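What follows is the content of model35.cif, which has mmCIF, C-alpha atoms and all ligand atoms:
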data_work
#
loop_
_atom_site.label_atom_id
_atom_site.label_comp_id
_atom_site.auth_asym_id
_atom_site.auth_seq_id
_atom_site.Cartn_x
_atom_site.Cartn_y
_atom_site.Cartn_z
CA MET A 10 77.42 125.98 86.29
CA LEU A 11 75.73 124.48 89.31
CA VAL A 12 75.78 120.82 90.35
CA SER A 13 73.31 119.65 93.00
CA VAL A 14 74.25 116.77 95.28
CA VAL A 15 71.35 114.84 96.81
CA ILE A 16 72.12 112.89 99.98
CA PRO A 17 69.49 110.80 101.80
CA VAL A 18 70.17 110.62 105.51
CA PHE A 19 68.78 108.15 108.02
CA ASN A 20 70.51 108.18 111.40
CA GLU A 21 73.90 109.19 110.09
CA ASP A 22 74.96 111.74 112.70
CA ARG A 23 78.41 110.15 112.96
CA CYS A 24 79.07 110.43 109.23
CA LEU A 25 77.73 113.86 108.33
CA GLU A 26 80.63 116.05 109.50
CA ALA A 27 83.23 113.94 107.71
CA LEU A 28 81.07 113.81 104.59
CA LEU A 29 80.57 117.56 104.34
CA ASP A 30 84.29 118.18 104.96
CA LYS A 31 85.13 115.84 102.10
CA LEU A 32 82.53 117.42 99.82
CA ILE A 33 83.81 120.92 100.52
CA GLU A 34 87.37 119.78 99.95
CA VAL A 35 86.40 118.41 96.54
CA ALA A 36 84.46 121.59 95.69
CA ASN A 37 87.41 123.83 96.62
CA ALA A 38 89.70 121.89 94.33
CA GLY A 39 87.67 122.64 91.17
CA PRO A 40 85.78 125.36 89.33
CA ILE A 41 82.27 123.93 89.77
CA ASP A 42 79.63 125.42 92.10
CA TYR A 43 77.77 122.91 94.21
CA GLU A 44 74.58 122.87 96.24
CA TYR A 45 74.09 120.06 98.76
CA ILE A 46 70.59 118.86 99.47
CA PHE A 47 70.41 116.58 102.47
CA VAL A 48 67.15 114.71 102.99
CA ASN A 49 66.57 113.65 106.57
CA ASP A 50 64.44 110.52 106.31
CA GLY A 51 62.98 110.55 109.82
CA SER A 52 66.24 110.12 111.71
CA THR A 53 65.93 109.56 115.43
CA ASP A 54 69.50 110.54 116.26
CA GLY A 55 71.16 113.96 116.04
CA SER A 56 71.22 114.11 112.22
CA LEU A 57 68.59 116.83 111.90
CA ALA A 58 70.33 119.13 114.38
CA ILE A 59 73.56 118.75 112.43
CA LEU A 60 71.81 119.50 109.14
CA ARG A 61 70.21 122.63 110.62
CA ARG A 62 73.64 123.81 111.68
CA PHE A 63 75.15 123.00 108.27
CA ALA A 64 72.45 125.09 106.60
CA GLN A 65 73.21 128.04 108.86
CA GLU A 66 76.95 127.81 108.35
CA HIS A 67 77.03 127.17 104.59
CA HIS A 68 74.88 129.06 102.11
CA ASN A 69 74.91 126.12 99.68
CA VAL A 70 73.77 123.45 102.14
CA LYS A 71 70.01 122.87 102.17
CA TYR A 72 67.96 120.25 103.91
CA ILE A 73 64.57 118.65 103.80
CA SER A 74 63.27 116.78 106.82
CA PHE A 75 60.47 114.21 106.61
CA SER A 76 57.80 113.77 109.23
CA ARG A 77 58.84 110.11 109.57
CA ASN A 78 60.92 107.48 107.81
CA PHE A 79 59.60 107.15 104.27
CA GLY A 80 62.51 105.10 102.98
CA HIS A 81 65.64 105.65 100.97
CA GLU A 82 63.91 105.79 97.59
CA ALA A 83 61.40 108.42 98.78
CA ALA A 84 64.24 110.46 100.29
CA THR A 85 66.16 110.37 97.02
CA THR A 86 63.01 111.41 95.17
CA ALA A 87 62.43 114.36 97.51
CA GLY A 88 66.00 115.47 96.93
CA LEU A 89 65.55 115.29 93.16
CA ASP A 90 62.31 117.25 93.45
CA HIS A 91 64.16 120.14 95.07
CA THR A 92 67.29 120.44 92.99
CA SER A 93 68.06 123.40 90.80
CA GLY A 94 71.45 122.38 89.38
CA ASP A 95 72.38 121.85 85.75
CA ALA A 96 73.32 118.35 86.80
CA VAL A 97 72.43 116.31 89.86
CA VAL A 98 74.51 113.74 91.74
CA ILE A 99 72.93 111.21 94.10
CA MET A 100 75.12 109.73 96.80
CA ASP A 101 74.89 107.99 100.18
CA ALA A 102 75.70 109.75 103.43
CA ASP A 103 78.00 107.06 104.82
CA LEU A 104 81.04 107.87 102.62
CA GLN A 105 80.79 104.53 100.84
CA HIS A 106 80.52 106.68 97.73
CA PRO A 107 83.77 108.65 97.64
CA PRO A 108 83.17 112.36 96.81
CA GLU A 109 86.46 112.45 94.86
CA VAL A 110 84.69 110.57 92.05
CA VAL A 111 82.20 113.41 91.50
CA PRO A 112 84.53 115.68 89.43
CA GLU A 113 85.25 112.68 87.20
CA MET A 114 81.52 112.21 86.69
CA ILE A 115 81.10 115.89 85.89
CA GLN A 116 83.82 115.61 83.27
CA LYS A 117 81.98 112.76 81.53
CA TRP A 118 78.76 114.76 81.69
CA GLN A 119 80.46 117.74 80.09
CA GLN A 120 81.65 115.42 77.33
CA GLY A 121 77.99 114.81 76.49
CA HIS A 122 76.78 111.83 78.54
CA GLN A 123 73.43 112.57 80.15
CA ILE A 124 73.76 109.86 82.79
CA VAL A 125 77.03 108.92 84.45
CA TYR A 126 76.79 106.05 86.88
CA ALA A 127 79.52 105.04 89.28
CA GLN A 128 80.24 101.36 88.91
CA ARG A 129 81.96 99.37 91.62
CA ARG A 130 85.40 98.21 90.59
CA SER A 131 85.80 96.44 93.89
CA ARG A 132 83.54 95.79 96.79
CA THR A 133 85.65 94.61 99.64
CA SER A 134 83.53 96.20 102.32
CA GLU A 135 80.46 93.97 102.00
CA THR A 136 79.88 90.40 103.11
CA ALA A 137 80.24 87.57 100.59
CA PHE A 138 76.50 86.90 100.92
CA LYS A 139 75.56 90.48 100.05
CA ARG A 140 77.97 90.53 97.12
CA ALA A 141 76.63 87.24 95.76
CA THR A 142 72.95 88.18 96.08
CA SER A 143 73.61 91.61 94.61
CA TRP A 144 75.45 90.05 91.64
CA LEU A 145 72.56 87.66 91.02
CA PHE A 146 69.96 90.38 91.44
CA TYR A 147 71.48 92.62 88.77
CA ARG A 148 71.68 89.72 86.31
CA ILE A 149 68.03 88.81 86.87
CA ILE A 150 66.70 92.36 86.65
CA ARG A 151 68.71 93.03 83.50
CA TRP A 152 67.34 89.88 81.92
CA LEU A 153 63.74 90.66 82.90
CA SER A 154 63.59 94.36 82.21
CA ASP A 155 63.68 96.41 79.03
CA ALA A 156 65.55 99.20 80.78
CA ASP A 157 69.32 99.06 80.45
CA ILE A 158 70.01 98.90 84.18
CA PRO A 159 73.77 98.97 84.68
CA PRO A 160 75.04 96.09 86.85
CA ASP A 161 77.05 96.49 90.05
CA THR A 162 76.04 100.06 90.76
CA GLY A 163 74.46 101.70 93.75
CA ASP A 164 72.54 104.94 93.64
CA PHE A 165 75.76 106.87 93.13
CA ARG A 166 75.27 108.61 89.78
CA LEU A 167 75.07 111.92 87.98
CA MET A 168 72.23 113.03 85.74
CA ASP A 169 71.67 115.96 83.50
CA LYS A 170 68.91 118.36 84.59
CA TYR A 171 66.73 117.21 81.71
CA VAL A 172 66.96 113.58 82.85
CA VAL A 173 66.06 114.67 86.38
CA ASP A 174 62.94 116.38 85.00
CA GLN A 175 61.90 113.13 83.33
CA VAL A 176 62.54 111.03 86.45
CA ARG A 177 60.48 113.51 88.47
CA ARG A 178 57.49 112.74 86.28
CA CYS A 179 57.52 109.12 87.45
CA ARG A 180 55.51 109.08 90.64
CA GLU A 181 55.05 105.39 91.39
CA ARG A 182 54.97 104.49 95.05
CA SER A 183 57.08 101.33 94.81
CA ARG A 184 60.23 102.90 93.52
CA PHE A 185 63.64 101.83 92.39
CA VAL A 186 65.22 105.13 91.45
CA ARG A 187 68.38 103.84 89.80
CA ALA A 188 66.33 101.72 87.39
CA LEU A 189 63.97 104.63 86.71
CA ILE A 190 66.96 106.70 85.69
CA ALA A 191 68.13 104.00 83.28
CA TRP A 192 64.58 103.57 82.03
CA THR A 193 64.52 107.17 80.74
CA GLY A 194 66.82 105.83 78.04
CA PHE A 195 69.37 108.64 77.83
CA ARG A 196 72.96 108.03 76.91
CA GLN A 197 74.83 106.60 79.89
CA THR A 198 78.39 105.85 80.73
CA ALA A 199 80.33 104.58 83.71
CA VAL A 200 83.13 105.76 85.93
CA LEU A 201 84.74 103.08 88.06
CA TYR A 202 85.29 103.46 91.77
CA ASP A 203 86.35 101.42 94.77
CA GLU A 204 83.53 101.18 97.24
CA GLN A 205 84.64 102.27 100.67
CA LYS A 206 83.75 100.90 104.06
CA ARG A 207 80.84 102.62 105.78
CA PHE A 208 82.41 105.52 107.71
CA ALA A 209 80.44 104.89 110.91
CA GLY A 210 77.25 103.24 112.10
CA GLU A 211 75.37 100.27 110.69
CA THR A 212 73.78 99.57 107.34
CA LYS A 213 70.11 100.58 107.23
CA TYR A 214 69.32 97.82 104.76
CA GLY A 215 68.55 94.56 106.53
CA VAL A 216 67.74 91.39 104.61
CA PHE A 217 63.99 92.06 104.55
CA LYS A 218 64.41 95.61 103.28
CA LEU A 219 66.69 94.33 100.53
CA ILE A 220 64.16 91.67 99.52
CA ARG A 221 61.45 94.34 99.43
CA LEU A 222 63.64 96.51 97.21
CA ALA A 223 64.39 93.58 94.91
CA PHE A 224 60.64 92.89 94.57
CA ASP A 225 59.96 96.55 93.84
CA ALA A 226 62.65 96.47 91.20
CA VAL A 227 61.53 93.30 89.47
CA LEU A 228 57.78 93.92 89.67
CA GLY A 229 58.19 97.59 88.80
CA PHE A 230 60.19 96.94 85.67
CA SER A 231 58.89 93.64 84.34
CA ASP A 232 55.54 91.93 83.88
CA PHE A 233 57.19 88.59 83.30
CA PRO A 234 56.26 87.19 86.76
CA LEU A 235 52.60 87.75 85.81
CA ARG A 236 53.08 85.37 82.93
CA ILE A 237 54.82 82.65 84.92
CA GLY A 238 51.38 81.21 85.72
CA VAL A 239 50.59 80.75 82.04
CA VAL A 240 53.90 79.03 81.34
CA LEU A 241 53.66 76.73 84.35
CA GLY A 242 50.01 76.00 83.59
CA LEU A 243 50.85 74.97 80.03
CA VAL A 244 53.72 72.76 81.17
CA VAL A 245 51.58 71.02 83.80
CA CYS A 246 48.69 70.52 81.34
CA PHE A 247 51.04 69.00 78.79
CA LEU A 248 52.62 66.69 81.37
CA SER A 249 49.28 65.51 82.72
CA VAL A 250 47.94 64.68 79.25
CA ALA A 251 51.14 62.74 78.51
CA MET A 252 50.90 60.91 81.81
CA GLY A 253 47.22 60.12 81.23
CA ILE A 254 48.03 58.53 77.88
CA ILE A 255 50.87 56.48 79.38
CA VAL A 256 48.67 55.21 82.21
CA VAL A 257 45.83 54.19 79.84
CA VAL A 258 48.21 52.45 77.43
CA GLN A 259 49.92 50.57 80.28
CA LYS A 260 46.57 49.40 81.59
CA LEU A 261 45.26 48.27 78.19
CA VAL A 262 48.44 46.61 76.93
CA TRP A 263 49.98 45.12 80.04
CA GLY A 264 47.14 45.37 82.50
CA ILE A 265 49.42 46.93 85.09
CA PRO A 266 47.39 47.91 88.14
CA ILE A 267 47.56 51.63 88.83
CA SER A 268 49.52 52.19 91.99
CA GLY A 269 51.52 55.16 93.18
CA TYR A 270 50.43 56.85 96.37
CA ALA A 271 53.78 58.69 96.51
CA THR A 272 53.38 60.07 92.99
CA LEU A 273 49.90 61.27 93.86
CA VAL A 274 50.93 63.05 97.05
CA THR A 275 53.95 64.66 95.43
CA GLY A 276 51.82 65.83 92.54
CA ILE A 277 49.22 67.38 94.84
CA PHE A 278 51.81 69.22 96.91
CA PHE A 279 53.68 70.37 93.83
CA LEU A 280 50.55 71.76 92.21
CA GLY A 281 49.48 73.36 95.50
CA GLY A 282 52.86 75.07 95.67
CA VAL A 283 52.67 76.29 92.10
CA GLN A 284 49.19 77.68 92.63
CA LEU A 285 50.12 79.51 95.81
CA LEU A 286 53.21 80.94 94.15
CA VAL A 287 51.23 82.27 91.21
CA ILE A 288 48.50 83.68 93.46
CA GLY A 289 51.19 85.29 95.59
CA LEU A 290 52.73 86.95 92.56
CA LEU A 291 49.32 88.23 91.52
CA GLY A 292 48.91 89.55 95.06
CA GLU A 293 52.18 91.45 94.80
CA TYR A 294 51.04 93.21 91.65
CA ILE A 295 47.57 93.87 93.08
CA SER A 296 48.99 95.34 96.29
CA ARG A 297 50.99 97.74 94.14
CA ILE A 298 47.87 98.74 92.22
CA TYR A 299 46.08 99.25 95.54
CA VAL A 300 48.82 101.40 97.05
CA GLN A 301 49.13 103.44 93.89
CA SER A 302 45.37 103.96 93.67
CA GLN A 303 45.35 105.59 97.10
CA PHE A 304 47.13 108.59 95.57
CA ARG A 305 49.02 109.42 98.70
CA PRO A 306 52.04 111.66 98.45
CA LEU A 307 55.40 109.91 98.25
CA TYR A 308 56.68 111.72 101.32
CA ILE A 309 55.67 114.38 103.80
CA ILE A 310 57.99 117.22 104.69
CA ALA A 311 57.93 118.46 108.26
CA GLU A 312 60.64 121.06 107.90
CA LYS A 313 63.06 122.41 105.37
CA SER A 314 65.77 124.99 105.14
CA ASP A 315 64.78 128.55 104.21
CA ALA A 316 66.77 128.37 100.99
CA LEU A 317 64.33 125.85 99.49
CA PRO A 318 60.99 126.84 97.97
CA LYS A 319 57.99 126.28 100.24
CA GLY A 320 54.99 124.14 99.55
CA GLU A 321 56.17 120.98 97.82
CA GLN A 322 54.95 117.85 99.58
CA GLY A 323 55.94 115.02 97.28
CA TRP A 324 52.58 115.12 95.58
CA TYR A 325 52.06 113.96 92.04
CA GLY A 326 51.99 117.39 90.55
CA LEU A 327 55.63 118.20 90.24
CA SER A 328 55.76 118.99 86.60
CA PRO A 329 53.39 121.85 85.71
CA SER A 330 51.36 119.67 83.37
CA LEU A 331 50.78 117.09 86.08
CA THR A 332 49.74 119.79 88.54
CA GLU A 333 47.27 121.12 86.01
CA ASN A 334 45.91 117.64 85.37
CA ALA A 335 45.47 117.00 89.07
CA GLU A 336 43.75 120.38 89.50
CA ARG A 337 41.47 119.69 86.57
CA ALA A 338 40.61 116.23 87.91
CA ARG A 339 39.86 117.69 91.32
CA SER A 340 37.66 120.51 90.03
CA SER A 341 35.78 118.22 87.65
CA SER A 342 35.05 115.75 90.45
CA ARG A 343 33.81 118.67 92.57
CA GLY A 344 31.65 119.72 89.64
CA GLU A 345 30.10 116.27 89.38
CA ALA A 346 29.37 116.24 93.10
CA ASP A 347 27.53 119.56 92.83
CA ASN A 348 25.32 118.39 90.00
N1 LIG B 1 68.74 105.69 104.03
C1 LIG B 1 67.59 106.46 104.07
N2 LIG B 1 66.43 105.90 104.52
C2 LIG B 1 66.35 104.58 104.90
C3 LIG B 1 67.52 103.80 104.81
C4 LIG B 1 68.69 104.37 104.35
O1 LIG B 1 67.62 107.65 103.74
O2 LIG B 1 65.27 104.15 105.30
C5 LIG B 1 70.01 106.30 103.53
C6 LIG B 1 71.21 106.10 104.44
O3 LIG B 1 71.30 107.11 105.40
C7 LIG B 1 72.36 106.15 103.45
C8 LIG B 1 71.75 105.54 102.19
O4 LIG B 1 70.34 105.66 102.33
O5 LIG B 1 72.75 107.47 103.15
C9 LIG B 1 72.14 104.08 101.98
O6 LIG B 1 71.87 103.33 103.15
P1 LIG B 1 72.91 102.28 103.74
O7 LIG B 1 74.29 102.82 103.67
O8 LIG B 1 72.44 101.88 105.10
O9 LIG B 1 72.74 101.06 102.74
P2 LIG B 1 73.90 100.09 102.18
O10 LIG B 1 75.00 100.98 101.68
O11 LIG B 1 74.33 99.27 103.33
O12 LIG B 1 73.22 99.31 101.11
MG MG B 2 76.00 102.35 102.78
#

Would you write out, as structure tokens, the structure that this file holds?
Amino acid sequence: MLVSVVIPVFNEDRCLEALLDKLIEVANAGPIDYEYIFVNDGSTDGSLAILRRFAQEHHNVKYISFSRNFGHEAATTAGLDHTSGDAVVIMDADLQHPPEVVPEMIQKWQQGHQIVYAQRRSRTSETAFKRATSWLFYRIIRWLSDADIPPDTGDFRLMDKYVVDQVRRCRERSRFVRALIAWTGFRQTAVLYDEQKRFAGETKYGVFKLIRLAFDAVLGFSDFPLRIGVVLGLVVCFLSVAMGIIVVVQKLVWGIPISGYATLVTGIFFLGGVQLLVIGLLGEYISRIYVQSQFRPLYIIAEKSDALPKGEQGWYGLSPSLTENAERARSSSRGEADN
């Protein structure tokens, strides 16, 4: 039985040695075979050199290296695309996800759960602001989305090979991998863990990156924001009719002169704000359609270890049927051009 561990790496040269030591220690303590797939997401430090060395020293360490930084979600996807294990674990490189939890996850998987996510029992290492926003985010996304996205989890989770195959078929550009995994709908369960402090270095997720990810998550898994315009429009229409009636009645019955500069200005600004908000939301969806319609690969590999099959470049055609479809589409468009 082989378990693949996918680890996205972006400037983590100070964590990698400690991480691999820990992983090997865990592997030696149990009967499971592991392969480790590190994905270097355009690091500018010594990470790639370390990964090359790891791959030479350990037959079960493999790496993929991108031509530039394509982002955490793309790196995770590339790792999933290259796994060959019966189950796959995704974890961060900074030791915030303790490798000791992995055997526990494997146990749950062997008991018949296709997805085992690691849920934070405690999260002492993060700032109060990050904890609060993360708490709120998971409540909102769970409310908006049909997928059963488990709250208070990171990317740390195990999936059965079959689930991985299904996730691989999803090739959207704006990705939120942990929600995609939940979206597949397979039976999931949790193991609890205490999130550790980052072993070394800084977080790679600044506020803007987190906001981006939250948008990708919400817009990727819900069309509710598209309908906010309709709801707001109806409310405003209803209010303005009611106000119109009140104003006319006041004038006819009491002859009150119509005053209210402040009301007018507030109303104009409020409506302006609502309109911009709704247009902005439309823009977010349209930009996603635009990016998706460019059909660019999700990532570009510059180098990978010899142990991995050659050729894959994060293109759409990962599953054979998708490759065939893409081929067919390409040859038919060539055919049309010839005619
Ligand atoms: N990461 C990545 N590409 C990026 C940003 C992050 O591959 O553009 C990796 C990073 O090396 C780490 C994981 O994603 O293994 C999670 O990042 P980080 O620990 O900085 O995020 P946090 O835990 O603070 O949310
Ligand atoms: Mg981290």

Please give me, as number ranges by chain, the residues lying within 7 Å of ligand MG 2 (chain B) when counting all atoms listed in the file. A: 101, 103, 105, 207, 212

As lines of an AutoDock Vina configuration file, what would the box around stretch 112-121 of chain A look like: edges along x, y and z, 8 Å added on every side, centre and edge lengths in Å to one decimal?
center_x = 81.6
center_y = 115.0
center_z = 83.0
size_x = 23.3
size_y = 21.5
size_z = 28.9

Could you name the residues that touch A:Val245 at 10 Å or less, counting only C-alpha atoms, but leaving out those on the same chain fewer than 6 positions away, as a list in words? Val239, Ala251, Leu280 and Val283 of chain A

Go ahead and save the residues from that selection, with C-alpha atoms, as a PDB file, in the coordinates of the input.
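And here's out.pdb as it stands now:
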ATOM      1  CA  VAL A 239      50.590  80.750  82.040  1.00  0.00           C
ATOM      2  CA  ALA A 251      51.140  62.740  78.510  1.00  0.00           C
ATOM      3  CA  LEU A 280      50.550  71.760  92.210  1.00  0.00           C
ATOM      4  CA  VAL A 283      52.670  76.290  92.100  1.00  0.00           C
TER       5      VAL A 283
END

So that I can see what lies close to A:Ile124, please list as an MDAnalysis selection string the residues with an atom at most 7 Å from it, counting only C-alpha atoms and leaving out residues fewer than 2 positions away in the same chain. chainID A and resid 122 126 167:169 195:198

What residues of the protein or nucleic acid chains come within 6 Å of ligand LIG 1 (chain B) when you use all atoms listed in the file? Reply as a ChimeraX atom specification. /A:17-19,21,50,80-81,84,101-103,212-214

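Of the residues listed (A:Asp225, A:Ser154, A:Gln123, A:Phe138), A:Gln123 shows the shortest atom-to-atom separation from A:Tyr171; distances use only C-alpha atoms.
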
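If you measure from each of A:Leu241, A:Val35, A:Ile73, A:Ala226 to A:Ile310 using all atoms listed in the file, the closest one turns out to be A:Ile73.
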
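Among the candidates A:Asp95, A:Glu109, A:Asp203, A:Asp22, the one nearest to A:Asp174 when counting all atoms listed in the file is A:Asp95.
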
If you count all atoms listed in the file, the residue of A:Val262, A:Val12, A:Ala191, A:Cys24 closest to A:Ile115 turns out to be A:Val12

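Shortest atom-to-atom contact with A:Gln65 among A:Gly88, A:Val227, A:Gly242, A:Ala316: A:Ala316, counting all atoms listed in the file.
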
Measuring atom to atom with only C-alpha atoms, identify which of A:Phe304, A:Ile46, A:Glu26, A:Leu219 is nearest to A:Tyr72.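 Closest residue, counting only C-alpha atoms: A:Ile46.
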
Could you jot down the atom CA of A:Phe230 to atom CA of A:Phe217 separation for me, Å, one decimal place?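 The value is 19.9 Å.
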
For a cut-off of 12 Å around (85.2, 117.3, 102.0), file coordinates, pick out all residues using all atoms listed in the file and list them as a count of residues only. 21

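The space between atom CA of A:Lys71 and atom CA of A:Ala83 spans 17.2 Å.
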
Please return, as a list in words, all polymer residues that have at least one atom within 9 Å of the point (52.4, 96.7, 92.9); use only C-alpha atoms and the file's own coordinate frame.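 So the residues meeting the distance criterion are Arg182, Ser183, Asp225, Leu228, Gly229, Gly292, Glu293, Tyr294, Ile295, Ser296, Arg297, Ile298, Tyr299, Val300 and Gln301 of chain A.
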
Would you mind reading off the distance between atom CA of A:Trp118 and atom CA of A:Trp192, one decimal, in Å?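 Distance reported for this atom pair: 18.1 Å.
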
Mind rebuilding stretch 126-147 of chain A with N, CA and C atoms and writing that out as a PDB file, in the frame of the given file?
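So the final result, stored in part-v1.pdb, reads:
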ATOM      1  N   TYR A 126      76.945 106.820  85.657  1.00  0.00           N
ATOM      2  CA  TYR A 126      76.790 106.050  86.880  1.00  0.00           C
ATOM      3  C   TYR A 126      78.154 105.585  87.376  1.00  0.00           C
ATOM      4  N   ALA A 127      78.272 105.508  88.683  1.00  0.00           N
ATOM      5  CA  ALA A 127      79.520 105.040  89.280  1.00  0.00           C
ATOM      6  C   ALA A 127      79.398 103.535  89.467  1.00  0.00           C
ATOM      7  N   GLN A 128      80.313 102.827  88.862  1.00  0.00           N
ATOM      8  CA  GLN A 128      80.240 101.360  88.910  1.00  0.00           C
ATOM      9  C   GLN A 128      81.351 100.848  89.828  1.00  0.00           C
ATOM     10  N   ARG A 129      80.994  99.885  90.654  1.00  0.00           N
ATOM     11  CA  ARG A 129      81.960  99.370  91.620  1.00  0.00           C
ATOM     12  C   ARG A 129      83.048  98.558  90.932  1.00  0.00           C
ATOM     13  N   ARG A 130      84.280  99.001  91.104  1.00  0.00           N
ATOM     14  CA  ARG A 130      85.400  98.210  90.590  1.00  0.00           C
ATOM     15  C   ARG A 130      85.663  97.086  91.587  1.00  0.00           C
ATOM     16  N   SER A 131      85.585  97.444  92.844  1.00  0.00           N
ATOM     17  CA  SER A 131      85.800  96.440  93.890  1.00  0.00           C
ATOM     18  C   SER A 131      84.791  96.689  94.987  1.00  0.00           C
ATOM     19  N   ARG A 132      84.537  95.648  95.742  1.00  0.00           N
ATOM     20  CA  ARG A 132      83.540  95.790  96.790  1.00  0.00           C
ATOM     21  C   ARG A 132      83.981  94.979  97.992  1.00  0.00           C
ATOM     22  N   THR A 133      85.065  95.407  98.565  1.00  0.00           N
ATOM     23  CA  THR A 133      85.650  94.610  99.640  1.00  0.00           C
ATOM     24  C   THR A 133      84.893  94.795 100.949  1.00  0.00           C
ATOM     25  N   SER A 134      84.093  95.869 101.020  1.00  0.00           N
ATOM     26  CA  SER A 134      83.530  96.200 102.320  1.00  0.00           C
ATOM     27  C   SER A 134      82.293  95.376 102.685  1.00  0.00           C
ATOM     28  N   GLU A 135      81.712  94.678 101.698  1.00  0.00           N
ATOM     29  CA  GLU A 135      80.460  93.970 102.000  1.00  0.00           C
ATOM     30  C   GLU A 135      80.713  92.480 102.228  1.00  0.00           C
ATOM     31  N   THR A 136      79.743  91.837 102.859  1.00  0.00           N
ATOM     32  CA  THR A 136      79.880  90.400 103.110  1.00  0.00           C
ATOM     33  C   THR A 136      79.751  89.626 101.799  1.00  0.00           C
ATOM     34  N   ALA A 137      80.301  88.403 101.791  1.00  0.00           N
ATOM     35  CA  ALA A 137      80.240  87.570 100.590  1.00  0.00           C
ATOM     36  C   ALA A 137      78.785  87.324 100.195  1.00  0.00           C
ATOM     37  N   PHE A 138      77.915  87.158 101.200  1.00  0.00           N
ATOM     38  CA  PHE A 138      76.500  86.900 100.920  1.00  0.00           C
ATOM     39  C   PHE A 138      75.869  88.072 100.185  1.00  0.00           C
ATOM     40  N   LYS A 139      76.155  89.295 100.678  1.00  0.00           N
ATOM     41  CA  LYS A 139      75.560  90.480 100.050  1.00  0.00           C
ATOM     42  C   LYS A 139      76.102  90.667  98.631  1.00  0.00           C
ATOM     43  N   ARG A 140      77.388  90.389  98.459  1.00  0.00           N
ATOM     44  CA  ARG A 140      77.970  90.530  97.120  1.00  0.00           C
ATOM     45  C   ARG A 140      77.347  89.532  96.153  1.00  0.00           C
ATOM     46  N   ALA A 141      77.172  88.283  96.631  1.00  0.00           N
ATOM     47  CA  ALA A 141      76.630  87.240  95.760  1.00  0.00           C
ATOM     48  C   ALA A 141      75.178  87.536  95.374  1.00  0.00           C
ATOM     49  N   THR A 142      74.352  87.926  96.375  1.00  0.00           N
ATOM     50  CA  THR A 142      72.950  88.180  96.080  1.00  0.00           C
ATOM     51  C   THR A 142      72.815  89.417  95.183  1.00  0.00           C
ATOM     52  N   SER A 143      73.670  90.403  95.418  1.00  0.00           N
ATOM     53  CA  SER A 143      73.610  91.610  94.610  1.00  0.00           C
ATOM     54  C   SER A 143      74.002  91.295  93.154  1.00  0.00           C
ATOM     55  N   TRP A 144      75.008  90.456  92.988  1.00  0.00           N
ATOM     56  CA  TRP A 144      75.450  90.050  91.640  1.00  0.00           C
ATOM     57  C   TRP A 144      74.291  89.364  90.914  1.00  0.00           C
ATOM     58  N   LEU A 145      73.659  88.423  91.613  1.00  0.00           N
ATOM     59  CA  LEU A 145      72.560  87.660  91.020  1.00  0.00           C
ATOM     60  C   LEU A 145      71.388  88.577  90.675  1.00  0.00           C
ATOM     61  N   PHE A 146      71.087  89.478  91.615  1.00  0.00           N
ATOM     62  CA  PHE A 146      69.960  90.380  91.440  1.00  0.00           C
ATOM     63  C   PHE A 146      70.107  91.207  90.152  1.00  0.00           C
ATOM     64  N   TYR A 147      71.294  91.770  89.948  1.00  0.00           N
ATOM     65  CA  TYR A 147      71.480  92.620  88.770  1.00  0.00           C
ATOM     66  C   TYR A 147      71.366  91.821  87.478  1.00  0.00           C
TER      67      TYR A 147
END
